[in-house]
$ cat input38.csv   # CSV, C-alpha atoms
chain,number,residue,atom,x,y,z
A,1,MET,CA,-111.0,-66.2,29.7
A,2,ALA,CA,-112.2,-63.2,27.8
A,3,GLN,CA,-114.5,-60.5,29.2
A,4,ALA,CA,-118.1,-61.0,28.3
A,5,PHE,CA,-118.7,-57.6,26.7
A,6,ARG,CA,-116.3,-58.3,23.8
A,7,PRO,CA,-117.3,-60.4,20.8
A,8,LEU,CA,-115.4,-63.6,20.3
A,9,ALA,CA,-113.6,-64.8,17.1
A,10,VAL,CA,-112.1,-68.2,16.4
A,11,VAL,CA,-109.3,-68.5,13.9
A,12,THR,CA,-107.6,-71.7,12.9
A,13,GLY,CA,-104.2,-72.0,11.2
A,14,ALA,CA,-103.4,-68.8,13.1
A,15,SER,CA,-99.7,-69.3,13.9
A,16,SER,CA,-98.5,-67.6,10.7
A,17,GLY,CA,-99.5,-66.5,7.2
A,18,ILE,CA,-103.1,-65.7,6.3
A,19,GLY,CA,-104.4,-67.1,9.5
A,20,LEU,CA,-102.3,-64.8,11.7
A,21,GLY,CA,-103.4,-62.0,9.5
A,22,LEU,CA,-107.0,-62.8,10.0
A,23,ALA,CA,-106.5,-63.0,13.7
A,24,ARG,CA,-104.9,-59.5,13.6
A,25,CYS,CA,-107.9,-58.2,11.7
A,26,CYS,CA,-110.3,-59.6,14.3
A,27,ALA,CA,-108.2,-58.3,17.2
A,28,SER,CA,-107.9,-54.8,15.7
A,29,ALA,CA,-111.7,-54.8,15.3
A,30,GLY,CA,-112.0,-55.5,19.1
A,31,HIS,CA,-112.7,-59.2,19.2
A,32,ASP,CA,-111.4,-61.5,21.8
A,33,LEU,CA,-109.7,-64.6,20.3
A,34,VAL,CA,-109.4,-68.3,20.5
A,35,ILE,CA,-106.7,-69.2,18.0
A,36,ALA,CA,-105.5,-72.7,16.9
A,37,ALA,CA,-102.7,-74.3,15.0
A,38,ASP,CA,-100.8,-77.6,15.1
A,39,ASP,CA,-97.5,-76.1,16.2
A,40,ALA,CA,-96.0,-74.4,19.2
A,41,GLU,CA,-95.7,-71.1,17.3
A,42,ILE,CA,-99.3,-70.5,18.2
A,43,GLU,CA,-98.2,-69.3,21.6
A,44,LYS,CA,-95.9,-66.7,20.1
A,45,ALA,CA,-98.8,-65.6,17.9
A,46,ALA,CA,-101.1,-65.3,20.9
A,47,LEU,CA,-98.5,-63.1,22.7
A,48,SER,CA,-98.3,-60.7,19.7
A,49,LEU,CA,-102.1,-60.5,19.4
A,50,ARG,CA,-102.5,-59.5,23.1
A,51,SER,CA,-100.8,-56.3,22.2
A,52,PHE,CA,-104.2,-55.2,20.6
A,53,GLY,CA,-105.7,-55.2,24.1
A,54,VAL,CA,-107.9,-58.2,23.7
A,55,ALA,CA,-108.0,-61.6,25.4
A,56,VAL,CA,-106.3,-64.4,23.5
A,57,GLU,CA,-106.4,-68.1,24.2
A,58,ALA,CA,-104.0,-70.3,22.1
A,59,VAL,CA,-104.9,-73.9,21.4
A,60,GLU,CA,-102.2,-76.3,20.0
A,61,ALA,CA,-104.3,-78.9,18.2
A,62,ASP,CA,-104.1,-81.2,15.2
A,63,LEU,CA,-107.3,-80.2,13.4
A,64,SER,CA,-107.0,-83.2,11.0
A,65,THR,CA,-108.3,-85.3,13.9
A,66,LYS,CA,-111.6,-85.5,15.8
A,67,ASP,CA,-109.7,-85.1,19.0
A,68,GLY,CA,-108.0,-82.0,17.8
A,69,VAL,CA,-111.3,-80.4,16.8
A,70,ASP,CA,-112.9,-81.4,20.1
A,71,LEU,CA,-110.0,-79.8,22.0
A,72,LEU,CA,-110.6,-76.5,20.1
A,73,CYS,CA,-114.3,-76.6,20.5
A,74,ASN,CA,-114.1,-77.4,24.2
A,75,ALA,CA,-111.7,-74.4,24.7
A,76,VAL,CA,-114.3,-72.2,23.1
A,77,SER,CA,-117.3,-73.5,24.9
A,78,TRP,CA,-115.4,-73.4,28.3
A,79,GLY,CA,-115.7,-69.6,28.0
A,80,GLY,CA,-119.5,-69.8,27.8
A,81,ARG,CA,-119.8,-67.9,24.6
A,82,ALA,CA,-120.6,-68.9,21.0
A,83,PRO,CA,-118.2,-67.2,18.6
A,84,GLU,CA,-119.5,-64.4,16.5
A,85,ILE,CA,-116.8,-65.0,13.9
A,86,LEU,CA,-115.2,-68.3,12.8
A,87,CYS,CA,-112.3,-68.2,10.3
A,88,ALA,CA,-111.8,-71.8,9.2
A,89,ASN,CA,-108.4,-71.2,7.7
A,90,ALA,CA,-106.3,-74.3,8.7
A,91,GLY,CA,-105.0,-76.1,5.7
A,92,ILE,CA,-101.9,-77.9,4.4
A,93,GLY,CA,-100.6,-78.9,1.0
A,94,LEU,CA,-98.4,-81.6,-0.5
A,95,GLY,CA,-96.4,-81.5,-3.7
A,96,GLY,CA,-95.2,-84.3,-6.0
A,97,GLY,CA,-96.9,-86.9,-8.1
A,98,PHE,CA,-99.8,-88.6,-6.3
A,99,LEU,CA,-98.4,-92.1,-6.9
A,100,ASP,CA,-95.1,-91.1,-5.5
A,101,GLN,CA,-96.4,-89.5,-2.4
A,102,ASP,CA,-96.6,-91.1,1.0
A,103,LEU,CA,-100.3,-92.0,1.1
A,104,ALA,CA,-100.6,-91.1,4.8
A,105,LYS,CA,-99.4,-87.6,4.0
A,106,ALA,CA,-101.8,-87.3,1.2
A,107,LEU,CA,-104.7,-88.4,3.4
A,108,LYS,CA,-103.7,-85.9,6.1
A,109,VAL,CA,-104.2,-83.1,3.5
A,110,VAL,CA,-107.7,-84.4,3.1
A,111,ASP,CA,-108.3,-84.8,6.8
A,112,THR,CA,-107.0,-81.3,7.6
A,113,ASN,CA,-108.5,-79.4,4.7
A,114,VAL,CA,-111.8,-81.2,4.4
A,115,SER,CA,-112.7,-83.5,7.3
A,116,GLY,CA,-111.4,-81.2,10.0
A,117,THR,CA,-113.0,-78.2,8.5
A,118,LEU,CA,-116.3,-80.0,8.2
A,119,ARG,CA,-116.2,-81.1,11.8
A,120,LEU,CA,-115.4,-77.6,13.0
A,121,LEU,CA,-118.1,-75.9,10.9
A,122,HIS,CA,-120.7,-78.5,11.9
A,123,ARG,CA,-120.2,-77.9,15.6
A,124,MET,CA,-119.7,-74.1,15.7
A,125,GLY,CA,-122.1,-73.4,12.8
A,126,ARG,CA,-124.9,-75.1,14.7
A,127,ASP,CA,-124.3,-72.8,17.7
A,128,MET,CA,-124.2,-69.7,15.5
A,129,ARG,CA,-127.5,-70.8,13.8
A,130,ALA,CA,-129.1,-71.4,17.2
A,131,ASN,CA,-128.1,-67.9,18.2
A,132,GLY,CA,-129.3,-66.4,14.9
A,133,ALA,CA,-126.1,-64.6,14.3
A,134,GLY,CA,-122.5,-65.2,13.1
A,135,ARG,CA,-120.0,-64.8,10.3
A,136,ILE,CA,-118.0,-67.7,8.8
A,137,LEU,CA,-115.0,-67.3,6.6
A,138,ILE,CA,-113.7,-70.4,4.8
A,139,THR,CA,-110.3,-70.2,3.2
A,140,GLY,CA,-110.6,-71.8,-0.1
A,141,SER,CA,-108.3,-71.0,-3.0
A,142,ILE,CA,-108.2,-70.2,-6.7
A,143,ALA,CA,-106.4,-73.6,-6.9
A,144,GLY,CA,-109.9,-75.1,-6.6
A,145,PHE,CA,-110.5,-74.0,-10.2
A,146,THR,CA,-107.6,-75.9,-11.6
A,147,PRO,CA,-106.8,-79.6,-11.8
A,148,GLY,CA,-103.5,-79.5,-9.9
A,149,ALA,CA,-101.0,-81.8,-11.5
A,150,PHE,CA,-98.3,-82.5,-8.9
A,151,GLN,CA,-100.7,-80.9,-6.3
A,152,ALA,CA,-103.6,-83.1,-7.2
A,153,VAL,CA,-104.9,-83.8,-3.6
A,154,TYR,CA,-104.5,-80.2,-2.4
A,155,ASN,CA,-106.2,-78.7,-5.4
A,156,GLY,CA,-109.0,-81.2,-5.1
A,157,THR,CA,-109.6,-80.3,-1.4
A,158,LYS,CA,-109.8,-76.6,-2.3
A,159,ALA,CA,-112.3,-77.3,-5.1
A,160,PHE,CA,-114.4,-79.0,-2.4
A,161,LEU,CA,-114.1,-76.1,0.0
A,162,ASP,CA,-114.9,-73.5,-2.7
A,163,SER,CA,-118.1,-75.5,-3.7
A,164,PHE,CA,-119.1,-76.3,-0.1
A,165,SER,CA,-118.9,-72.6,0.9
A,166,PHE,CA,-121.4,-71.6,-1.7
A,167,ALA,CA,-123.7,-74.5,-0.7
A,168,LEU,CA,-123.6,-73.7,3.0
A,169,ARG,CA,-124.2,-70.1,2.4
A,170,ALA,CA,-127.4,-70.9,0.5
A,171,GLU,CA,-128.5,-73.3,3.2
A,172,LEU,CA,-128.0,-70.6,5.9
A,173,GLU,CA,-129.7,-67.8,4.0
A,174,GLY,CA,-132.1,-66.0,6.3
A,175,SER,CA,-130.6,-67.6,9.4
A,176,GLY,CA,-128.5,-64.6,10.5
A,177,VAL,CA,-125.3,-66.5,9.7
A,178,SER,CA,-123.2,-65.5,6.7
A,179,VAL,CA,-120.6,-67.6,4.9
A,180,THR,CA,-117.8,-66.1,2.9
A,181,CYS,CA,-115.2,-68.0,0.9
A,182,LEU,CA,-111.8,-66.4,0.6
A,183,MET,CA,-110.0,-67.6,-2.5
A,184,PRO,CA,-106.3,-66.4,-2.5
A,185,GLY,CA,-103.7,-67.2,-5.1
A,186,VAL,CA,-100.0,-67.8,-4.5
A,187,THR,CA,-99.3,-66.2,-1.1
A,188,ASP,CA,-96.0,-65.6,0.7
A,189,THR,CA,-96.3,-68.0,3.5
A,190,GLU,CA,-94.6,-71.2,4.8
A,191,PHE,CA,-97.0,-73.3,2.7
A,192,PHE,CA,-94.4,-74.1,0.0
A,193,ALA,CA,-91.8,-75.3,2.5
A,194,ARG,CA,-94.3,-77.4,4.4
A,195,ALA,CA,-95.8,-78.8,1.2
A,196,GLU,CA,-92.3,-79.9,-0.2
A,197,LEU,CA,-92.8,-77.5,-3.2
A,198,GLU,CA,-89.7,-75.3,-2.8
A,199,ASP,CA,-88.0,-76.6,-6.0
A,200,THR,CA,-90.9,-75.7,-8.2
A,201,LYS,CA,-91.6,-72.7,-10.5
A,202,LEU,CA,-94.8,-72.1,-8.4
A,203,ALA,CA,-92.8,-71.5,-5.2
A,204,HIS,CA,-90.6,-69.0,-7.0
A,205,SER,CA,-93.4,-67.0,-8.6
A,206,LYS,CA,-94.6,-63.6,-7.5
A,207,LYS,CA,-96.5,-63.9,-4.2
A,208,ASP,CA,-99.2,-61.9,-2.5
A,209,ASP,CA,-98.7,-60.4,1.0
A,210,PRO,CA,-100.6,-62.6,3.5
A,211,ASP,CA,-101.7,-59.7,5.7
A,212,GLU,CA,-103.3,-58.0,2.6
A,213,VAL,CA,-105.0,-61.2,1.6
A,214,ALA,CA,-106.3,-61.6,5.2
A,215,ARG,CA,-107.6,-58.0,5.2
A,216,ILE,CA,-109.4,-58.5,1.9
A,217,GLY,CA,-111.1,-61.7,3.2
A,218,PHE,CA,-112.0,-60.1,6.6
A,219,ASP,CA,-113.5,-57.0,4.9
A,220,ALA,CA,-115.6,-59.2,2.6
A,221,MET,CA,-116.8,-61.3,5.5
A,222,MET,CA,-117.8,-58.2,7.5
A,223,ARG,CA,-119.8,-57.0,4.5
A,224,GLY,CA,-121.5,-60.4,4.3
A,225,GLU,CA,-120.2,-61.2,0.8
A,226,GLY,CA,-120.3,-64.7,-0.5
A,227,ASP,CA,-116.9,-64.9,-2.0
A,228,VAL,CA,-113.8,-62.9,-2.7
A,229,VAL,CA,-110.7,-63.5,-4.9
A,230,SER,CA,-107.8,-61.6,-3.5
A,231,GLY,CA,-105.9,-59.5,-6.1
A,232,TRP,CA,-106.6,-58.6,-9.7
A,233,SER,CA,-104.1,-61.1,-11.2
A,234,ASN,CA,-105.9,-63.9,-9.3
A,235,LYS,CA,-109.3,-62.6,-10.5
A,236,LEU,CA,-108.0,-62.8,-14.1
A,237,LYS,CA,-106.6,-66.3,-13.5
A,238,THR,CA,-110.0,-67.4,-12.1
A,239,ALA,CA,-111.9,-66.0,-15.1
A,240,LEU,CA,-109.5,-67.7,-17.5
A,241,ALA,CA,-109.8,-71.0,-15.7
A,242,LEU,CA,-113.6,-71.0,-16.1
A,243,ILE,CA,-113.3,-70.9,-19.9
A,244,THR,CA,-110.1,-73.0,-20.4
A,245,PRO,CA,-110.3,-76.8,-21.0
A,246,ALA,CA,-109.4,-78.8,-17.9
A,247,GLU,CA,-106.8,-80.8,-19.7
A,248,MET,CA,-105.0,-77.6,-20.7
A,249,LEU,CA,-105.2,-76.3,-17.1
A,250,ALA,CA,-103.7,-79.5,-15.8
A,251,ARG,CA,-100.8,-79.3,-18.2
A,252,THR,CA,-100.1,-75.7,-17.4
A,253,HIS,CA,-100.1,-76.5,-13.7
A,254,LYS,CA,-97.8,-79.4,-14.3
A,255,ARG,CA,-95.1,-77.1,-15.7
A,256,GLU,CA,-95.4,-74.9,-12.6
A,257,ALA,CA,-95.6,-77.5,-9.9
A,258,GLU,CA,-93.5,-80.4,-11.2
A,259,PRO,CA,-90.6,-81.2,-8.8
A,260,GLY,CA,-87.4,-79.6,-10.1
A,261,SER,CA,-89.2,-77.2,-12.4
A,262,ALA,CA,-87.5,-74.2,-10.7
A,263,ARG,CA,-84.2,-75.4,-12.2
A,264,LYS,CA,-85.6,-75.7,-15.7
A,265,GLU,CA,-85.3,-73.0,-18.2

$ encode --input "input38.csv" --output "structure tokens"
Amino acid sequence: MAQAFRPLAVVTGASSGIGLGLARCCASAGHDLVIAADDAEIEKAALSLRSFGVAVEAVEADLSTKDGVDLLCNAVSWGGRAPEILCANAGIGLGGGFLDQDLAKALKVVDTNVSGTLRLLHRMGRDMRANGAGRILITGSIAGFTPGAFQAVYNGTKAFLDSFSFALRAELEGSGVSVTCLMPGVTDTEFFARAELEDTKLAHSKKDDPDEVARIGFDAMMRGEGDVVSGWSNKLKTALALITPAEMLARTHKREAEPGSARKE
């Protein structure tokens, strides 16, 4: 495992996208890593991250399940160190109308984004609190400010994470453990393909660079900030969402995320 003199960071959803970017930020700052994802690409990610001169352990685990979270937590505890950084980034989406979706797929979005994140935070957060030190980054989304027609479950889970992050931060005030919520907008990752959203206007809109989003989130976490929205356009969208009626937000999102909307003029 990793050498004891280097701090340890745990990053989930780290095989690609924002998660891999966060892992790179941690590695470049001199942290050994335990990274996790539910696909075999996590091994390739680990290989690339070792080029930073840090120790990296890859864990292929389905974090929507208790067994998957246990597998990751056991891999961390096996090294005998509590992480100094936890980036709870794992998440999935699902497009389409809720009543037309496979319910098992919809529930897996909830289990991955919410239940799995809570299990992980509860276990590792308690260790951090006991040590009196730690930094937690939770990847929420500006989607949490908008009722997501044709992405209803996903947006709902992000609304939960955005809210939960602020609450947990307040509970841990004075403990030595900080909580930061990273709220990206549309980002150039594999999310849209995996979420069956490729034929939507949303998938074809201008996207942010995942490495830049990760850097913004990492820097905010290291400064101990409570939240950060990546990018000025996303900050504007968030500000407008706070003063726009929910019904109007849902209708606007419907036009962007409705299946086949990419083919409509």

$ residues_around --input "input38.csv" --residues "Ala152 in chain A" --least-positions-apart "3" --cutoff "12 Å" --atoms "all atoms listed in the file" --output "PyMOL selection string"
chain A and resi 93-101+106-107+109-110+143-149+155-159+250-251+253-254+257-258

$ residues_around --input "input38.csv" --residues "Asn234 in chain A" --least-positions-apart "6" --cutoff "12 Å" --atoms "all atoms listed in the file" --output "NGL selection string"
:A and (141-143 or 145 or 182-187 or 206-208 or 213 or 228 or 240-241)

$ closest_residue --input "input38.csv" --among "A:Val59, A:Leu172, A:Val34, A:Val76" --to "Gly125 in chain A" --atoms "only C-alpha atoms"
A:Leu172

$ residues_near_point --input "input38.csv" --point "(-96.7, -73.7, 15.0)" --cutoff "8 Å" --atoms "all atoms listed in the file" --output "PyMOL selection string"
chain A and resi 15-16+37-42+60

$ residues_around --input "input38.csv" --residues "Val179 in chain A" --least-positions-apart "2" --cutoff "12 Å" --atoms "all atoms listed in the file" --output "ChimeraX atom specification"
/A:85-88,121,125,128-129,133-140,161-177,181-182,217-218,220-228

$ write_last_selection --input "input38.csv" --atoms "C-alpha atoms" --output "PDB file, keeping the file's coordinate frame"
ATOM      1  CA  ILE A  85    -116.800 -65.000  13.900  1.00  0.00           C
ATOM      2  CA  LEU A  86    -115.200 -68.300  12.800  1.00  0.00           C
ATOM      3  CA  CYS A  87    -112.300 -68.200  10.300  1.00  0.00           C
ATOM      4  CA  ALA A  88    -111.800 -71.800   9.200  1.00  0.00           C
ATOM      5  CA  LEU A 121    -118.100 -75.900  10.900  1.00  0.00           C
ATOM      6  CA  GLY A 125    -122.100 -73.400  12.800  1.00  0.00           C
ATOM      7  CA  MET A 128    -124.200 -69.700  15.500  1.00  0.00           C
ATOM      8  CA  ARG A 129    -127.500 -70.800  13.800  1.00  0.00           C
ATOM      9  CA  ALA A 133    -126.100 -64.600  14.300  1.00  0.00           C
ATOM     10  CA  GLY A 134    -122.500 -65.200  13.100  1.00  0.00           C
ATOM     11  CA  ARG A 135    -120.000 -64.800  10.300  1.00  0.00           C
ATOM     12  CA  ILE A 136    -118.000 -67.700   8.800  1.00  0.00           C
ATOM     13  CA  LEU A 137    -115.000 -67.300   6.600  1.00  0.00           C
ATOM     14  CA  ILE A 138    -113.700 -70.400   4.800  1.00  0.00           C
ATOM     15  CA  THR A 139    -110.300 -70.200   3.200  1.00  0.00           C
ATOM     16  CA  GLY A 140    -110.600 -71.800  -0.100  1.00  0.00           C
ATOM     17  CA  LEU A 161    -114.100 -76.100   0.000  1.00  0.00           C
ATOM     18  CA  ASP A 162    -114.900 -73.500  -2.700  1.00  0.00           C
ATOM     19  CA  SER A 163    -118.100 -75.500  -3.700  1.00  0.00           C
ATOM     20  CA  PHE A 164    -119.100 -76.300  -0.100  1.00  0.00           C
ATOM     21  CA  SER A 165    -118.900 -72.600   0.900  1.00  0.00           C
ATOM     22  CA  PHE A 166    -121.400 -71.600  -1.700  1.00  0.00           C
ATOM     23  CA  ALA A 167    -123.700 -74.500  -0.700  1.00  0.00           C
ATOM     24  CA  LEU A 168    -123.600 -73.700   3.000  1.00  0.00           C
ATOM     25  CA  ARG A 169    -124.200 -70.100   2.400  1.00  0.00           C
ATOM     26  CA  ALA A 170    -127.400 -70.900   0.500  1.00  0.00           C
ATOM     27  CA  GLU A 171    -128.500 -73.300   3.200  1.00  0.00           C
ATOM     28  CA  LEU A 172    -128.000 -70.600   5.900  1.00  0.00           C
ATOM     29  CA  GLU A 173    -129.700 -67.800   4.000  1.00  0.00           C
ATOM     30  CA  GLY A 174    -132.100 -66.000   6.300  1.00  0.00           C
ATOM     31  CA  SER A 175    -130.600 -67.600   9.400  1.00  0.00           C
ATOM     32  CA  GLY A 176    -128.500 -64.600  10.500  1.00  0.00           C
ATOM     33  CA  VAL A 177    -125.300 -66.500   9.700  1.00  0.00           C
ATOM     34  CA  CYS A 181    -115.200 -68.000   0.900  1.00  0.00           C
ATOM     35  CA  LEU A 182    -111.800 -66.400   0.600  1.00  0.00           C
ATOM     36  CA  GLY A 217    -111.100 -61.700   3.200  1.00  0.00           C
ATOM     37  CA  PHE A 218    -112.000 -60.100   6.600  1.00  0.00           C
ATOM     38  CA  ALA A 220    -115.600 -59.200   2.600  1.00  0.00           C
ATOM     39  CA  MET A 221    -116.800 -61.300   5.500  1.00  0.00           C
ATOM     40  CA  MET A 222    -117.800 -58.200   7.500  1.00  0.00           C
ATOM     41  CA  ARG A 223    -119.800 -57.000   4.500  1.00  0.00           C
ATOM     42  CA  GLY A 224    -121.500 -60.400   4.300  1.00  0.00           C
ATOM     43  CA  GLU A 225    -120.200 -61.200   0.800  1.00  0.00           C
ATOM     44  CA  GLY A 226    -120.300 -64.700  -0.500  1.00  0.00           C
ATOM     45  CA  ASP A 227    -116.900 -64.900  -2.000  1.00  0.00           C
ATOM     46  CA  VAL A 228    -113.800 -62.900  -2.700  1.00  0.00           C
TER      47      VAL A 228
END

$ residues_around --input "input38.csv" --residues "Asp70 in chain A" --least-positions-apart "3" --cutoff "12 Å" --atoms "all atoms listed in the file" --output "list in words"
Ala36, Val59, Glu60, Ala61, Asp62, Leu63, Ser64, Thr65, Lys66, Asp67, Cys73, Asn74, Ala75, Val76, Ser77, Trp78, Gly116, Arg119, Leu120, Leu121, His122, Arg123 and Met124 of chain A

$ atom_distance --input "input38.csv" --atom1 "CA of Leu236 in chain A" --atom2 "CA of Phe192 in chain A"
22.6 Å

$ closest_residue --input "input38.csv" --among "A:Gly13, A:Gly53, A:Pro7, A:Gly68" --to "Ala82 in chain A" --atoms "all atoms listed in the file"
A:Pro7

$ closest_residue --input "input38.csv" --among "A:Leu47, A:Val11, A:Leu103, A:Ala239" --to "Asn89 in chain A" --atoms "all atoms listed in the file"
A:Val11

$ atom_distance --input "input38.csv" --atom1 "CA of Ser261 in chain A" --atom2 "CA of Gln151 in chain A"
13.5 Å

$ atom_distance --input "input38.csv" --atom1 "CA of Ala23 in chain A" --atom2 "CA of Arg215 in chain A"
9.9 Å

$ closest_residue --input "input38.csv" --among "A:Ala90, A:Lys201, A:Leu118, A:Thr180" --to "Asp219 in chain A" --atoms "all atoms listed in the file"
A:Thr180

$ residues_around --input "input38.csv" --residues "Arg50 in chain A" --least-positions-apart "2" --cutoff "12 Å" --atoms "only C-alpha atoms" --output "JSON, numbers by chain"
{"A": [2, 23, 24, 26, 27, 28, 30, 31, 32, 33, 34, 35, 43, 44, 45, 46, 47, 48, 52, 53, 54, 55, 56, 57, 58]}
